[in-house]
Amino acid sequence: MNAPLPVEVLKQHLIDPEICIRCNTCEETCPVDAITHDSNNYVVDPEICNGCMACVPPCPTGSIDNWRLVVRAEAYSVQDQLGWEELPQEKPLPPDAAAGGEGGQATPAPQAEPGLAQAAAVTPAAPGAAVPPWSAAHPYVNLYTHKTPITATVVGNYRVTGADTESDIHHIVLDFGEQPFPVLEGQSIGILPPGVDAQGRPHHARQYSLASPRDGERAGYNNLSLTVKRVTQDHGGAAAHGVCSNYLCDLTRNDTVQVIGPFGHTFLMPNHPQANLIMICTGAGSAPMRAMTERSRRLIGTADIGKLMLFFGARTERELPYFGPLMKLPRDFIDINLALSREPGQPKRYVQDLIRERAAHVRGLLADRNTCIYVCGLKGMEVGVLDALRDVVVQSGEDWSILHDALRREGRLHFETY
Ligand code: A2P
């Protein structure tokens with residue numbers, strides 16, 4: 001029999017370089033290390049990707065959710081994708097193309113339909129939920145893209161850490177005037193810094209969480225705020241110049257900024273009365289906690305708000321952004337726990353130490369299905385916080401893995417770390 005073998009077709013997983021904000025979430029999420037990047041693009045290796053979809057729900061922009069039917073032997077290579085400025089058009093397949101793995105060759109195919117990201121697609125390894133809490137408001141995402149950014153005007157920029165400290169963290173207020181830019185607490189935006197990178201290409205967008213609530217930094221105004229730490233060192237402590245953070249921290253009133261987004265559809269606060277928030281953050285990771293706290297504060301007297309418990313880590317009090325305004329909040333409104341790691345004369349403490357110290361309160365809140373947990377800040381604290389939550393639960397004889405699964409399934413445990 002000399003019948004020609006059918007041409008094998010691959011549903012190739014691709015990332016849209018025009019929408020991707022290079023936040024690294026997909027690369028961190030991929031359970032088989034199929035995603036990689038260079039200074040230009042994030043790309044999917046067709047030789048490794050098994051179409052498990054684990055990376056799809058966490059992607060804040062949806063740029064990850066792109067697929068092309070290609071002849072397997074002609075799949076776009078990692079090198080091809082790294083050079084792209086935009087996704088290629090779908091090419092017509094040859095008439096003898098056969099979808100699926102013919103001849104015993106497994107062709108990876110997504111387990112769920114692209115675009116229908118489901119909670120069930122989350123890998124057990126993902127520490128947080130891939131769905132928002134049930135009562136979250138519906139977010140708008142991707143209203144403005146790299147090709148169609150929106151211009152915002154700087155209406156405020158001031159430092160929120162002690163002037164004599166190493167941590168230069170700024171509170172920056174951007175106004176959108178008459179242009180629509182609807183947001184929710186927990187969402188982020190992308191900033192397009194001006195200029196070009198070492199290869200002469202325009203800089204990619206950098207992602208920042210909102211520090212203000214949905215109705216504006218100033219209630220009733222079409223503005224929002226960001227909490228931006230000036231980057232002067234890389235993660236290893238070597239000198240490094242953060243392109244976008246330095247640009248933002250140096251802006252002055254009436255400067256204009258190119259913005260894309262909004263992004264994020266899971267790290268959202270619950271909206272039902274009596275929902276409790278446990279907020280755990282370090283440094284500039286306090287932005288979404290400020291947004292949620294301020295949203296709740298504005299609801300005092302208008303609705304039955306639940307309990308707010310905050311664990312906030314910083315080197316010293318003077319390096320803790322918003323220290324002054326935070327300490328002025330009523331204690332019966334928010335339970336504030338400051339973990340200071342380098343305060344002279346005090347023992348070094350991290351947020352996870354305080355979670356253990358406040359075990360009874362944390363346990364009480366965790367026992368309430370109205371409680372949602374938000375973690376934002378240094379990547380390193382992710383494991384520490386999970387361990388502390390587990391210890392708190394195990395101490396009372398409960399099974400952490402059952403509760404952890406429920407928290408993820410019900411959209412009640414969210415991480416945003418970097
Ligand atoms: P440290 O003094 O050990 O650096 P930063 O100022 O660098 O943004 O960090 C904010 C706070 O987070 C600091 O107090 C820092 O402590 C602390 N921190 C560093 N690593 C961890 C970690 N793995 N878990 C919790 N907190 C951490």
# chains A, B, ... in the order shown; residues from 1 in each chain; ligands from 1

$ select_by_dssp --residues "segment 160-359 of chain A" --states "strand (DSSP E or B)" --output "ChimeraX atom specification"
/A:169-175,188-192,196,202,206-210,223-229,233,239,256-263,276-282,308-314,334-340

$ residues_near_ligand --ligand "ligand 1" --cutoff "8 Å" --atoms "only C-alpha atoms and all ligand atoms" --output "PyMOL selection string"
chain A and resi 167+282-284+313-316+319+339-342+348-352+377-385

$ closest_residue --among "A:His138, A:Arg290, A:His170, A:Arg318" --to "Leu210 of chain A" --atoms "only C-alpha atoms"
A:Arg290

$ atom_distance --atom1 "atom CA of Ile336 of chain A" --atom2 "atom CA of Phe311 of chain A"
6.4 Å

$ residues_around --residues "His204 of chain A" --least-positions-apart "6" --cutoff "8 Å" --atoms "only C-alpha atoms" --output "list in words"
Ile21, Arg22, Leu192 and Pro193 of chain A

$ write_last_selection --atoms "N, CA and C atoms" --output "JSON list (two decimals), in the first residue's frame"
[["chain", "number", "residue", "atom", "x", "y", "z"],
["A", 21, "ILE", "N", 2.17, 41.92, 28.13],
["A", 21, "ILE", "CA", 2.85, 42.98, 28.90],
["A", 21, "ILE", "C", 4.08, 42.44, 29.63],
["A", 22, "ARG", "N", 4.53, 41.25, 29.23],
["A", 22, "ARG", "CA", 5.79, 40.69, 29.72],
["A", 22, "ARG", "C", 5.83, 40.64, 31.25],
["A", 192, "LEU", "N", 3.59, 52.74, 28.99],
["A", 192, "LEU", "CA", 4.56, 52.66, 27.89],
["A", 192, "LEU", "C", 5.62, 53.74, 28.11],
["A", 193, "PRO", "N", 6.80, 53.36, 28.58],
["A", 193, "PRO", "CA", 7.82, 54.39, 28.77],
["A", 193, "PRO", "C", 8.31, 54.89, 27.42]]

$ closest_residue --among "A:Gln187, A:Val32, A:Asn142, A:Val228" --to "Glu416 of chain A" --atoms "only C-alpha atoms"
A:Gln187

$ closest_residue --among "A:Ala126, A:Leu308, A:Leu10, A:Ala137" --to "Met292 of chain A" --atoms "only C-alpha atoms"
A:Leu308

$ residues_around --residues "Phe323 of chain A" --least-positions-apart "4" --cutoff "10 Å" --atoms "only C-alpha atoms" --output "list in words"
Val160, Thr161, Gly162, Glu317, Arg318, Glu319, Met327, Lys328 and Leu338 of chain A

$ residues_around --residues "Pro94 of chain A" --least-positions-apart "5" --cutoff "12 Å" --atoms "only C-alpha atoms" --output "mmCIF file with N, CA and C atoms, in the first residue's frame"
data_model
loop_
_atom_site.group_PDB
_atom_site.id
_atom_site.type_symbol
_atom_site.label_atom_id
_atom_site.label_comp_id
_atom_site.auth_asym_id
_atom_site.auth_seq_id
_atom_site.Cartn_x
_atom_site.Cartn_y
_atom_site.Cartn_z
ATOM 1 N N PRO A 6 -1.112 11.082 5.934
ATOM 2 C CA PRO A 6 -1.726 12.403 6.058
ATOM 3 C C PRO A 6 -0.758 13.374 6.745
ATOM 4 N N VAL A 7 -0.871 14.642 6.360
ATOM 5 C CA VAL A 7 -0.006 15.658 6.963
ATOM 6 C C VAL A 7 -0.548 15.978 8.354
ATOM 7 N N GLU A 8 0.314 15.907 9.336
ATOM 8 C CA GLU A 8 -0.152 16.114 10.712
ATOM 9 C C GLU A 8 -0.301 17.607 11.030
ATOM 10 N N VAL A 9 -1.416 17.910 11.659
ATOM 11 C CA VAL A 9 -1.712 19.311 11.986
ATOM 12 C C VAL A 9 -1.557 19.529 13.481
ATOM 13 N N LEU A 69 -3.736 26.821 13.638
ATOM 14 C CA LEU A 69 -3.614 25.476 13.071
ATOM 15 C C LEU A 69 -2.486 25.519 12.047
ATOM 16 N N VAL A 70 -1.466 24.712 12.283
ATOM 17 C CA VAL A 70 -0.307 24.700 11.373
ATOM 18 C C VAL A 70 0.061 23.251 11.052
ATOM 19 N N VAL A 71 0.735 23.082 9.958
ATOM 20 C CA VAL A 71 1.307 21.760 9.671
ATOM 21 C C VAL A 71 2.401 21.537 10.706
ATOM 22 N N ARG A 72 2.337 20.391 11.381
ATOM 23 C CA ARG A 72 3.246 20.185 12.511
ATOM 24 C C ARG A 72 4.711 20.400 12.135
ATOM 25 N N GLU A 74 5.875 22.328 10.154
ATOM 26 C CA GLU A 74 6.173 23.744 9.872
ATOM 27 C C GLU A 74 5.784 24.643 11.044
ATOM 28 N N ALA A 99 -6.176 16.599 11.263
ATOM 29 C CA ALA A 99 -6.099 17.099 12.632
ATOM 30 C C ALA A 99 -5.909 15.931 13.583
#

$ closest_residue --among "A:Gly190, A:Gly156, A:Pro273, A:Gly237" --to "Asp250 of chain A" --atoms "only C-alpha atoms"
A:Gly156

$ closest_residue --among "A:Leu326, A:Ile172, A:Ile278, A:Leu354" --to "Thr371 of chain A" --atoms "only C-alpha atoms"
A:Ile278

$ closest_atom_pairs --of "segment 268-303 of chain A" --to "segment 129-135 of chain A" --cutoff "10 Å" --atoms "only C-alpha atoms" --output "CSV"
residue,atom,partner,partner_atom,distance
A:Leu268,CA,A:Pro132,CA,5.9
A:Met269,CA,A:Pro133,CA,6.9
A:Pro270,CA,A:Ser135,CA,5.0
A:Asn271,CA,A:Ser135,CA,5.1
A:His272,CA,A:Ser135,CA,5.8
A:Pro273,CA,A:Ser135,CA,9.5
A:Ala275,CA,A:Ser135,CA,9.2

$ select_by_dssp --residues "segment 141-384 of chain A" --states "helix (DSSP H, G or I)" --output "ChimeraX atom specification"
/A:243-249,283-298,317-319,323-327,351-357,359-366,381-384

$ closest_residue --among "A:Ser188, A:Pro321, A:Ala359, A:Val375" --to "Ala163 of chain A" --atoms "only C-alpha atoms"
A:Pro321

$ atom_distance --atom1 "atom CA of Pro325 of chain A" --atom2 "atom CA of Ser209 of chain A"
19.2 Å

$ residues_around --residues "Tyr247 of chain A" --least-positions-apart "3" --cutoff "9 Å" --atoms "only C-alpha atoms" --output "list of chain:residue names"
A:Pro193, A:Pro194, A:Arg230, A:Gly242, A:Val243, A:Cys244, A:Asp250, A:Leu251
